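Below is input.txt, which holds compact mmCIF, C-alpha atoms.
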# COMPACT_ATOMS: atom_id res chain seq x y z
CA MET A 1 0.00 0.00 0.00
CA GLN A 2 1.35 3.40 -1.00
CA ASN A 3 1.14 6.44 1.29
CA PHE A 4 0.83 9.91 -0.20
CA VAL A 5 1.02 13.12 1.82
CA ILE A 6 -0.10 16.38 0.20
CA VAL A 7 0.55 19.76 1.80
CA GLY A 8 -2.19 22.12 0.64
CA ALA A 9 -5.84 21.20 0.13
CA GLY A 10 -6.74 23.95 -2.29
CA PRO A 11 -8.10 23.08 -5.76
CA VAL A 12 -4.78 21.73 -7.11
CA GLY A 13 -3.95 19.71 -4.01
CA LEU A 14 -7.44 18.19 -3.96
CA TRP A 15 -7.39 17.49 -7.71
CA THR A 16 -4.00 15.77 -7.40
CA ALA A 17 -5.29 13.64 -4.51
CA ILE A 18 -8.33 12.58 -6.55
CA GLN A 19 -6.20 11.67 -9.55
CA ILE A 20 -3.79 9.63 -7.41
CA ARG A 21 -6.65 7.82 -5.69
CA LYS A 22 -8.18 6.94 -9.06
CA ARG A 23 -4.90 5.50 -10.35
CA CYS A 24 -3.83 3.96 -7.02
CA PRO A 25 -7.12 2.86 -5.39
CA ASN A 26 -5.39 1.04 -2.51
CA SER A 27 -3.30 4.02 -1.48
CA THR A 28 -3.77 6.16 1.60
CA ILE A 29 -3.83 9.90 1.00
CA THR A 30 -3.49 12.57 3.68
CA LEU A 31 -3.86 16.26 2.90
CA TYR A 32 -2.74 19.01 5.26
CA GLU A 33 -4.57 22.31 5.05
CA ARG A 34 -3.90 25.41 7.12
CA TYR A 35 -7.37 26.96 6.87
CA GLU A 36 -10.67 25.20 7.55
CA ALA A 37 -12.60 27.83 5.58
CA TYR A 38 -11.43 28.45 2.01
CA ARG A 39 -10.30 32.07 1.80
CA ARG A 40 -10.40 32.92 -1.90
CA GLN A 41 -13.47 34.22 -3.71
CA HIS A 42 -12.33 35.26 -7.19
CA VAL A 43 -13.53 33.86 -10.50
CA LEU A 44 -11.29 31.74 -12.73
CA LYS A 45 -11.43 30.83 -16.41
CA ILE A 46 -11.22 27.03 -16.71
CA GLN A 47 -10.51 25.57 -20.14
CA HIS A 48 -12.39 22.29 -20.46
CA SER A 49 -9.39 20.36 -21.77
CA SER A 50 -7.52 21.06 -18.51
CA VAL A 51 -9.65 18.61 -16.51
CA PHE A 52 -9.03 15.79 -19.01
CA PHE A 53 -5.46 16.25 -20.25
CA GLY A 54 -3.45 13.48 -18.56
CA ALA A 55 -6.30 12.70 -16.15
CA SER A 56 -7.57 9.22 -15.35
CA ARG A 57 -10.17 8.04 -17.84
CA SER A 58 -12.15 6.11 -15.25
CA HIS A 59 -15.27 7.84 -14.01
CA ASP A 60 -18.33 7.11 -11.92
CA GLU A 61 -21.23 8.91 -10.25
CA LEU A 62 -18.82 11.05 -8.20
CA ASP A 63 -17.28 12.42 -11.40
CA ASP A 64 -20.72 13.05 -12.85
CA ALA A 65 -21.84 14.91 -9.72
CA PHE A 66 -18.73 17.13 -9.81
CA PHE A 67 -19.29 18.22 -13.42
CA GLU A 68 -23.00 18.83 -12.84
CA GLU A 69 -22.28 21.02 -9.82
CA VAL A 70 -19.27 22.93 -11.14
CA PHE A 71 -19.82 23.17 -14.91
CA LEU A 72 -23.63 22.92 -14.76
CA THR A 73 -23.61 20.27 -17.47
CA THR A 74 -22.59 16.66 -17.97
CA ARG A 75 -19.05 15.33 -17.98
CA LYS A 76 -19.62 14.19 -21.57
CA ASN A 77 -20.58 17.70 -22.70
CA VAL A 78 -17.49 19.23 -21.07
CA LYS A 79 -15.23 16.63 -22.69
CA ARG A 80 -16.81 17.29 -26.09
CA SER A 81 -15.90 20.99 -25.91
CA PRO A 82 -12.15 20.98 -25.05
CA PHE A 83 -11.50 24.55 -26.22
CA GLN A 84 -14.50 26.05 -24.48
CA LYS A 85 -13.94 27.96 -21.22
CA SER A 86 -16.15 28.22 -18.14
CA PHE A 87 -16.00 30.99 -15.55
CA ILE A 88 -16.10 29.38 -12.12
CA SER A 89 -15.57 30.88 -8.66
CA THR A 90 -12.71 29.32 -6.73
CA ASN A 91 -14.83 28.48 -3.71
CA THR A 92 -17.27 26.55 -5.96
CA ILE A 93 -14.56 24.35 -7.45
CA GLU A 94 -12.78 23.93 -4.10
CA SER A 95 -15.88 22.89 -2.14
CA ASN A 96 -16.89 20.33 -4.77
CA LEU A 97 -13.38 18.91 -5.07
CA LYS A 98 -13.24 18.57 -1.29
CA LYS A 99 -16.53 16.69 -1.26
CA TRP A 100 -15.23 14.39 -4.01
CA ALA A 101 -11.87 13.74 -2.32
CA ILE A 102 -13.49 12.88 1.01
CA ALA A 103 -15.94 10.54 -0.72
CA LEU A 104 -12.93 8.72 -2.21
CA GLY A 105 -11.47 8.21 1.27
CA CYS A 106 -8.86 10.97 1.34
CA GLU A 107 -8.21 12.44 4.79
CA ILE A 108 -7.94 16.20 5.31
CA VAL A 109 -6.05 17.32 8.42
CA TYR A 110 -6.38 20.98 9.32
CA LYS A 111 -2.89 21.80 10.52
CA HIS A 112 -0.19 24.25 9.45
CA ILE A 113 2.97 22.45 8.36
CA ASP A 114 5.91 24.80 8.81
CA SER A 115 8.89 22.53 8.07
CA LEU A 116 9.87 19.44 6.13
CA GLU A 117 11.12 17.86 9.35
CA GLN A 118 7.60 18.10 10.74
CA LEU A 119 6.37 15.98 7.84
CA LEU A 120 9.11 13.41 8.26
CA GLU A 121 8.32 13.08 11.95
CA ARG A 122 4.63 12.48 11.30
CA HIS A 123 4.91 9.91 8.51
CA ASN A 124 6.65 6.62 7.87
CA SER A 125 9.62 6.23 5.54
CA ASP A 126 7.43 4.89 2.72
CA ALA A 127 5.43 8.12 2.38
CA VAL A 128 5.65 10.19 -0.81
CA PHE A 129 5.34 13.93 -0.19
CA ILE A 130 3.68 16.45 -2.52
CA LEU A 131 3.85 20.21 -1.96
CA ALA A 132 0.75 21.98 -3.27
CA ASN A 133 0.90 24.92 -0.90
CA GLY A 134 1.09 27.82 -3.32
CA ALA A 135 3.42 30.26 -5.00
CA HIS A 136 5.07 31.46 -1.78
CA SER A 137 5.78 28.00 -0.39
CA GLU A 138 8.34 28.13 2.41
CA LEU A 139 8.60 24.35 2.23
CA ARG A 140 9.73 24.64 -1.40
CA ARG A 141 12.44 27.06 -0.34
CA GLU A 142 13.56 24.66 2.39
CA LEU A 143 13.65 21.86 -0.18
CA LEU A 144 15.42 23.72 -3.02
CA GLY A 145 17.28 26.57 -1.30
CA VAL A 146 16.89 30.35 -1.30
CA ASN A 147 17.10 30.66 -5.10
CA ASP A 148 14.21 28.26 -5.50
CA VAL A 149 12.40 29.98 -8.38
CA GLU A 150 13.10 31.85 -11.60
CA LYS A 151 10.58 34.41 -12.81
CA THR A 152 9.87 37.04 -15.45
CA ASP A 153 7.38 39.86 -14.81
CA LEU A 154 4.81 40.36 -17.58
CA GLN A 155 2.04 42.68 -16.39
CA HIS A 156 0.96 44.93 -13.52
CA ILE A 157 -2.62 44.44 -12.41
CA LEU A 158 -5.07 45.95 -9.94
CA GLU A 159 -7.76 43.38 -9.19
CA LEU A 160 -11.18 44.14 -7.74
CA LYS A 161 -13.03 41.26 -6.10
CA THR A 162 -16.58 41.78 -4.96
CA ARG A 163 -20.01 40.21 -4.54
CA VAL A 164 -23.09 42.11 -5.69
CA SER A 165 -26.82 41.55 -5.44
CA LYS A 166 -29.35 44.38 -5.55
CA GLY A 167 -29.50 46.26 -8.82
CA PHE A 168 -26.96 44.11 -10.63
CA ARG A 169 -27.41 44.24 -14.40
CA GLU A 170 -25.39 41.62 -16.28
CA LEU A 171 -24.14 42.59 -19.71
CA LYS A 172 -24.60 40.25 -22.62
CA SER A 173 -21.49 38.11 -23.02
CA THR A 174 -20.99 39.33 -26.59
CA GLN A 175 -20.98 42.95 -25.46
CA ALA A 176 -19.44 42.89 -21.99
CA ASN A 177 -15.71 43.19 -22.55
CA GLY A 178 -16.20 45.35 -25.63
CA ALA A 179 -18.17 47.89 -23.60
CA ILE A 180 -15.64 47.75 -20.79
CA LYS A 181 -12.63 48.26 -23.05
CA GLY A 182 -14.31 51.10 -24.93
CA LYS A 183 -15.12 53.21 -21.90
CA LEU A 184 -12.13 52.77 -19.60
CA THR A 185 -8.77 54.52 -19.63
CA ASN A 186 -6.95 51.34 -18.65
CA LEU A 187 -7.49 47.92 -20.20
CA GLY A 188 -9.94 45.90 -18.12
CA PHE A 189 -11.49 42.43 -18.08
CA GLU A 190 -14.28 41.01 -15.96
CA TYR A 191 -15.10 37.51 -14.76
CA ILE A 192 -18.58 36.74 -13.47
CA GLY A 193 -19.20 33.72 -11.26
CA ARG A 194 -22.39 31.81 -10.60
CA THR A 195 -25.07 33.54 -8.54
CA GLN A 196 -25.61 31.81 -5.20
CA GLY A 197 -27.75 32.96 -2.32
CA GLY A 198 -28.78 36.03 -4.28
CA GLU A 199 -25.17 37.22 -4.67
CA THR A 200 -23.00 37.23 -7.79
CA PRO A 201 -19.17 37.14 -7.50
CA LEU A 202 -17.31 39.56 -9.76
CA SER A 203 -13.61 39.76 -10.48
CA PHE A 204 -12.46 42.82 -12.42
CA ARG A 205 -8.84 43.26 -13.48
CA LEU A 206 -7.26 46.48 -14.67
CA PHE A 207 -3.98 46.22 -16.56
CA VAL A 208 -1.99 49.33 -15.66
CA ASN A 209 1.48 50.67 -16.37
CA GLU A 210 4.25 50.39 -13.81
CA ALA A 211 3.98 54.04 -12.73
CA LEU A 212 0.27 53.75 -11.91
CA TYR A 213 0.88 50.44 -10.20
CA ASN A 214 3.54 52.02 -7.98
CA GLU A 215 1.28 55.02 -7.29
CA THR A 216 -1.34 52.66 -5.84
CA PRO A 217 -0.81 51.96 -2.10
CA ASP A 218 0.40 48.50 -1.15
CA ALA A 219 -2.49 46.05 -1.31
CA SER A 220 -2.03 42.30 -0.93
CA PHE A 221 -4.62 39.55 -0.86
CA LYS A 222 -4.35 39.50 2.95
CA ALA A 223 -4.35 43.30 3.30
CA PRO A 224 -6.38 44.72 0.37
CA ILE A 225 -7.69 48.23 -0.24
CA LYS A 226 -11.34 48.48 0.80
CA ASP A 227 -11.70 52.27 0.56
CA PRO A 228 -11.88 53.55 -3.07
CA THR A 229 -10.68 57.03 -2.03
CA LEU A 230 -7.22 55.50 -1.48
CA LEU A 231 -6.93 54.61 -5.17
CA PRO A 232 -5.34 56.83 -7.84
CA GLU A 233 -7.97 58.94 -9.57
CA SER A 234 -7.80 57.16 -12.95
CA VAL A 235 -8.20 53.76 -11.26
CA LYS A 236 -11.14 54.92 -9.16
CA SER A 237 -12.70 56.48 -12.27
CA ASP A 238 -12.35 53.25 -14.26
CA ILE A 239 -13.92 51.18 -11.48
CA ASP A 240 -16.74 53.72 -11.22
CA LYS A 241 -17.38 53.48 -14.99
CA TYR A 242 -17.23 49.69 -14.79
CA ALA A 243 -19.77 49.68 -11.96
CA SER A 244 -22.14 51.95 -13.90
CA LEU A 245 -22.17 49.49 -16.83
CA HIS A 246 -23.79 47.02 -14.44
CA GLY A 247 -26.21 49.57 -13.00
CA LEU A 248 -24.20 49.87 -9.79
CA SER A 249 -22.54 52.72 -7.94
CA LEU A 250 -18.95 52.78 -6.76
CA GLU A 251 -20.21 52.46 -3.18
CA GLU A 252 -22.26 49.35 -4.02
CA VAL A 253 -19.30 47.69 -5.65
CA PHE A 254 -17.11 48.39 -2.62
CA ALA A 255 -19.72 47.28 -0.08
CA GLN A 256 -18.10 43.85 -0.30
CA GLY A 257 -15.28 44.87 -2.63
CA GLN A 258 -11.54 45.00 -2.22
CA VAL A 259 -8.59 45.76 -4.48
CA SER A 260 -5.29 43.88 -4.55
CA LYS A 261 -2.10 44.54 -6.48
CA LEU A 262 -0.75 41.73 -8.63
CA GLN A 263 2.42 41.41 -10.64
CA LEU A 264 1.77 38.78 -13.24
CA SER A 265 4.94 36.78 -13.59
CA VAL A 266 5.79 33.60 -15.38
CA TYR A 267 7.79 31.68 -12.80
CA HIS A 268 8.93 28.14 -12.14
CA ALA A 269 10.77 26.22 -9.46
CA LYS A 270 14.33 25.14 -10.25
CA LYS A 271 13.14 21.54 -9.93
CA PHE A 272 9.70 19.99 -9.75
CA ALA A 273 10.99 17.12 -7.60
CA ALA A 274 13.86 16.57 -5.19
CA LYS A 275 15.04 14.41 -2.33
CA TYR A 276 15.25 15.61 1.26
CA GLU A 277 16.91 13.31 3.78
CA ASN A 278 16.44 10.51 1.27
CA ARG A 279 12.67 11.11 1.04
CA ASN A 280 10.93 11.99 -2.22
CA PHE A 281 9.21 15.37 -2.58
CA PHE A 282 7.21 16.60 -5.58
CA LEU A 283 5.87 20.07 -6.40
CA VAL A 284 2.54 20.71 -8.06
CA GLY A 285 0.36 23.71 -8.88
CA ASP A 286 1.67 27.17 -8.02
CA ALA A 287 4.41 25.65 -5.85
CA ALA A 288 5.90 24.23 -9.07
CA MET A 289 5.18 27.04 -11.50
CA GLY A 290 2.68 29.79 -12.13
CA VAL A 291 1.28 31.65 -15.09
CA PRO A 292 -1.30 33.87 -13.35
CA TYR A 293 -4.19 35.23 -15.42
CA PHE A 294 -2.93 33.63 -18.62
CA ARG A 295 -3.43 30.05 -17.45
CA ALA A 296 -4.47 30.41 -13.80
CA LEU A 297 -5.66 27.06 -12.41
CA ASN A 298 -5.43 25.25 -15.75
CA SER A 299 -1.68 24.64 -15.55
CA GLY A 300 -2.02 23.26 -12.02
CA LEU A 301 -4.76 20.80 -12.94
CA VAL A 302 -2.76 19.44 -15.87
CA LEU A 303 0.38 19.12 -13.74
CA GLY A 304 -1.54 17.32 -10.96
CA SER A 305 -2.91 14.81 -13.44
CA ARG A 306 0.54 14.18 -14.93
CA LEU A 307 2.13 13.72 -11.51
CA ALA A 308 -0.55 11.19 -10.52
CA LEU A 309 0.11 9.23 -13.71
CA MET A 310 3.88 9.14 -13.12
CA LEU A 311 3.55 8.13 -9.47
CA SER A 312 1.23 5.28 -10.44
CA LYS A 313 3.66 3.98 -13.05
CA LYS A 314 6.87 4.21 -11.01
CA SER A 315 6.88 2.27 -7.77
CA ASP A 316 10.54 3.29 -7.34
CA GLY A 317 10.32 6.83 -5.99
CA GLY A 318 13.75 7.76 -7.32
CA LYS A 319 12.67 6.95 -10.87
CA ALA A 320 9.54 9.05 -10.41
CA VAL A 321 11.68 12.00 -9.30
CA ASN A 322 13.82 11.76 -12.42
CA LEU A 323 10.83 11.27 -14.71
CA TYR A 324 8.94 14.22 -13.23
CA ASN A 325 11.97 16.49 -13.53
CA SER A 326 12.33 15.44 -17.17
CA TYR A 327 8.68 16.24 -17.78
CA GLN A 328 9.20 19.64 -16.10
CA HIS A 329 10.87 21.06 -19.20
CA VAL A 330 8.00 19.97 -21.47
CA HIS A 331 5.34 21.42 -19.18
CA GLN A 332 7.29 24.56 -18.37
CA ASN A 333 8.14 25.40 -21.99
CA ALA A 334 4.57 24.80 -23.19
CA GLU A 335 2.97 26.90 -20.44
CA GLU A 336 5.48 29.74 -20.75
CA LEU A 337 5.08 29.83 -24.52
CA LEU A 338 1.29 30.09 -24.17
CA ALA A 339 1.62 32.83 -21.54
CA ARG A 340 4.13 34.90 -23.49
CA THR A 341 2.14 34.59 -26.71
CA LYS A 342 -1.03 35.75 -24.96
CA ASN A 343 0.91 38.54 -23.30
CA THR A 344 2.21 39.82 -26.66
CA THR A 345 -1.30 39.68 -28.11
CA LEU A 346 -2.65 41.54 -25.09
CA ASN A 347 -0.05 44.31 -25.37
CA THR A 348 -0.67 44.69 -29.10
CA TYR A 349 -4.41 44.89 -28.57
CA ASN A 350 -4.01 47.47 -25.81
CA GLU A 351 -1.89 49.71 -28.04
CA LEU A 352 -4.51 49.48 -30.83
CA ARG A 353 -7.24 50.23 -28.29
CA LYS A 354 -5.41 53.36 -27.12
CA LEU A 355 -4.94 54.48 -30.73
CA TYR A 356 -8.64 53.97 -31.44
CA ARG A 357 -9.63 55.98 -28.34
CA MET A 358 -7.28 58.81 -29.33
CA VAL A 359 -8.65 58.94 -32.90
CA LYS A 360 -12.23 58.83 -31.64
CA THR A 361 -11.57 61.66 -29.17
CA GLN A 362 -10.08 63.85 -31.91
CA LYS A 363 -13.01 63.07 -34.18
CA ASP A 364 -15.51 64.01 -31.47
CA LEU A 365 -13.71 67.30 -30.91
CA THR A 366 -13.95 68.21 -34.59
Take the structure from the file and write it as structure tokens.
Amino acid sequence: MQNFVIVGAGPVGLWTAIQIRKRCPNSTITLYERYEAYRRQHVLKIQHSSVFFGASRSHDELDDAFFEEVFLTTRKNVKRSPFQKSFISTNTIESNLKKWAIALGCEIVYKHIDSLEQLLERHNSDAVFILANGAHSELRRELLGVNDVEKTDLQHILELKTRVSKGFRELKSTQANGAIKGKLTNLGFEYIGRTQGGETPLSFRLFVNEALYNETPDASFKAPIKDPTLLPESVKSDIDKYASLHGLSLEEVFAQGQVSKLQLSVYHAKKFAAKYENRNFFLVGDAAMGVPYFRALNSGLVLGSRLALMLSKKSDGGKAVNLYNSYQHVHQNAEELLARTKNTTLNTYNELRKLYRMVKTQKDLT
């Protein structure tokens, strides 16, 4: 019987656990999670192919229930539309993955793991360890050293996350981003989640230049800006215009709204797998690499599926480490190429958008 220990029970950690359990049904899987209540509320764009690429082909009523709840359609329909994308709130996908993982017999332990030694002390020598604890993983740094990642900054973003109810007017999907881009000074995109309990989650991202980004006060996910008067005038104006498109005021958007600063960077760990005191450790999700906005959760789901496949094929942990590190270059190059291509397209579009706005303004003046 194989023992797998996963640090991080967010969407990628849970997905990896499910894929391992499907491929290794007699295994025991323990997930460690720091927070009992999931803390993220934003909306993600999930490409349908991401939940099938490299994933186990076996499926049952648990799979069917997951797709019905998360994608609001059948598993077969999602599989038939690999290039289609669905906008799904992170708490929706996380809660349903958790339900699925528990139904498969995975154990979730709510405990903060702050060192690799703590893991070794708690588990036998046959355990395989997987770090799925995010982009700022201290355990990854302990495993790989202080220069554990390489990254390239691509964009500067101010992200508004909110939940709205009364007076919300949803734009038609064919008009939404066109209307947003035409009215705002900065390039903006919205993501609308599923309405639950009378509230609709909105994520709105403004792509700004470095100067405007630096002018905005520090605002992290844990310490966001909740008062719009603290924002630079052009940012506040753009959010106000965005709100008005949905029939909302700035105050209504900020009733449950908060703004965070994000630097979108393509980054990757030096290795996706390594040994620590002769024990095998693997990285997955944002702990391994990240392409925020451009691929978001999609890269993590694909990587989790691939890791599960490799672990099921290689009973010798050392061989799995070598195989996973060899696969790293394939995955990394493909994801970075996609991200950089989209980034170039985005920058080109933004320059054309600015030119169009300038020409239109001059025409209106004449």
At a cut-off of 8 Å, can you tabulate as CSV every residue of range 264-301 of chain A near range 123-132 of chain A together with its closest atom pair and the distance in Å to one decimal, using only C-alpha atoms and ordering rows by chain then number?
residue,atom,partner,partner_atom,distance
A:Arg279,CA,A:Ser125,CA,7.3
A:Asn280,CA,A:Val128,CA,5.8
A:Phe281,CA,A:Phe129,CA,4.8
A:Phe282,CA,A:Ile130,CA,4.7
A:Leu283,CA,A:Leu131,CA,4.9
A:Val284,CA,A:Ala132,CA,5.3
A:Gly285,CA,A:Ala132,CA,5.9
A:Asp286,CA,A:Ala132,CA,7.1
A:Ala287,CA,A:Ala132,CA,5.8
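Proximity to Gly54 in chain A was assessed for A:Leu212, A:Ile113, A:Ala9, A:Ile20 counting all atoms listed in the file; the smallest distance is recorded for A:Ile20.
With all atoms listed in the file as the atoms that count, the minimum distance from Gly105 in chain A to the choices A:Lys161, A:His331, A:Lys275, A:Arg21 is reached by A:Arg21.
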Range 307-312 of chain A environment, 7 Å, only C-alpha atoms, sequence neighbours closer than 3 positions dropped, as a compact mmCIF listing (two decimals) with C-alpha atoms, keeping the file's coordinate frame:
# COMPACT_ATOMS: atom_id res chain seq x y z
CA THR A 16 -4.00 15.77 -7.40
CA GLN A 19 -6.20 11.67 -9.55
CA ILE A 20 -3.79 9.63 -7.41
CA ARG A 23 -4.90 5.50 -10.35
CA CYS A 24 -3.83 3.96 -7.02
CA LEU A 303 0.38 19.12 -13.74
CA GLY A 304 -1.54 17.32 -10.96
CA SER A 315 6.88 2.27 -7.77
CA ALA A 320 9.54 9.05 -10.41
Among the residues A:Ser89, A:Asn322, A:Thr30, A:Thr345, the one that comes closest to Ala274 in chain A [using only C-alpha atoms]: A:Asn322
Have a look at CA of Lys183 in chain A and CA of Asn347 in chain A and let me know their distance in Å, one decimal.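 Straight-line distance from CA of Lys183 in chain A to CA of Asn347 in chain A works out to 17.8 Å.
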For CA of Arg295 in chain A and CA of Leu44 in chain A, the interatomic separation in Å (one decimal):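 If I compute the distance from CA of Arg295 in chain A to CA of Leu44 in chain A, I get 9.3 Å.
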For a cut-off of 12 Å around (0.2, 34.7, -23.8), file coordinates, pick out all residues using all atoms listed in the file and list them as a PyMOL selection string. chain A and resi 154-155+264-266+291-296+334-348
Quick one: of A:Ala17, A:Val253, A:Val7, A:Leu202, who's nearest to Pro228 in chain A, counting all atoms listed in the file? A:Val253
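If all atoms listed in the file are the atoms counted, then among A:Ser237, A:Gln84, A:Ser305, A:Asn91 the closest residue to Leu184 in chain A is A:Ser237.
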Would you mind reading off the distance between CA of Asn133 in chain A and CA of His329 in chain A, one decimal, in Å?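 Separation between CA of Asn133 in chain A and CA of His329 in chain A: 21.2 Å.
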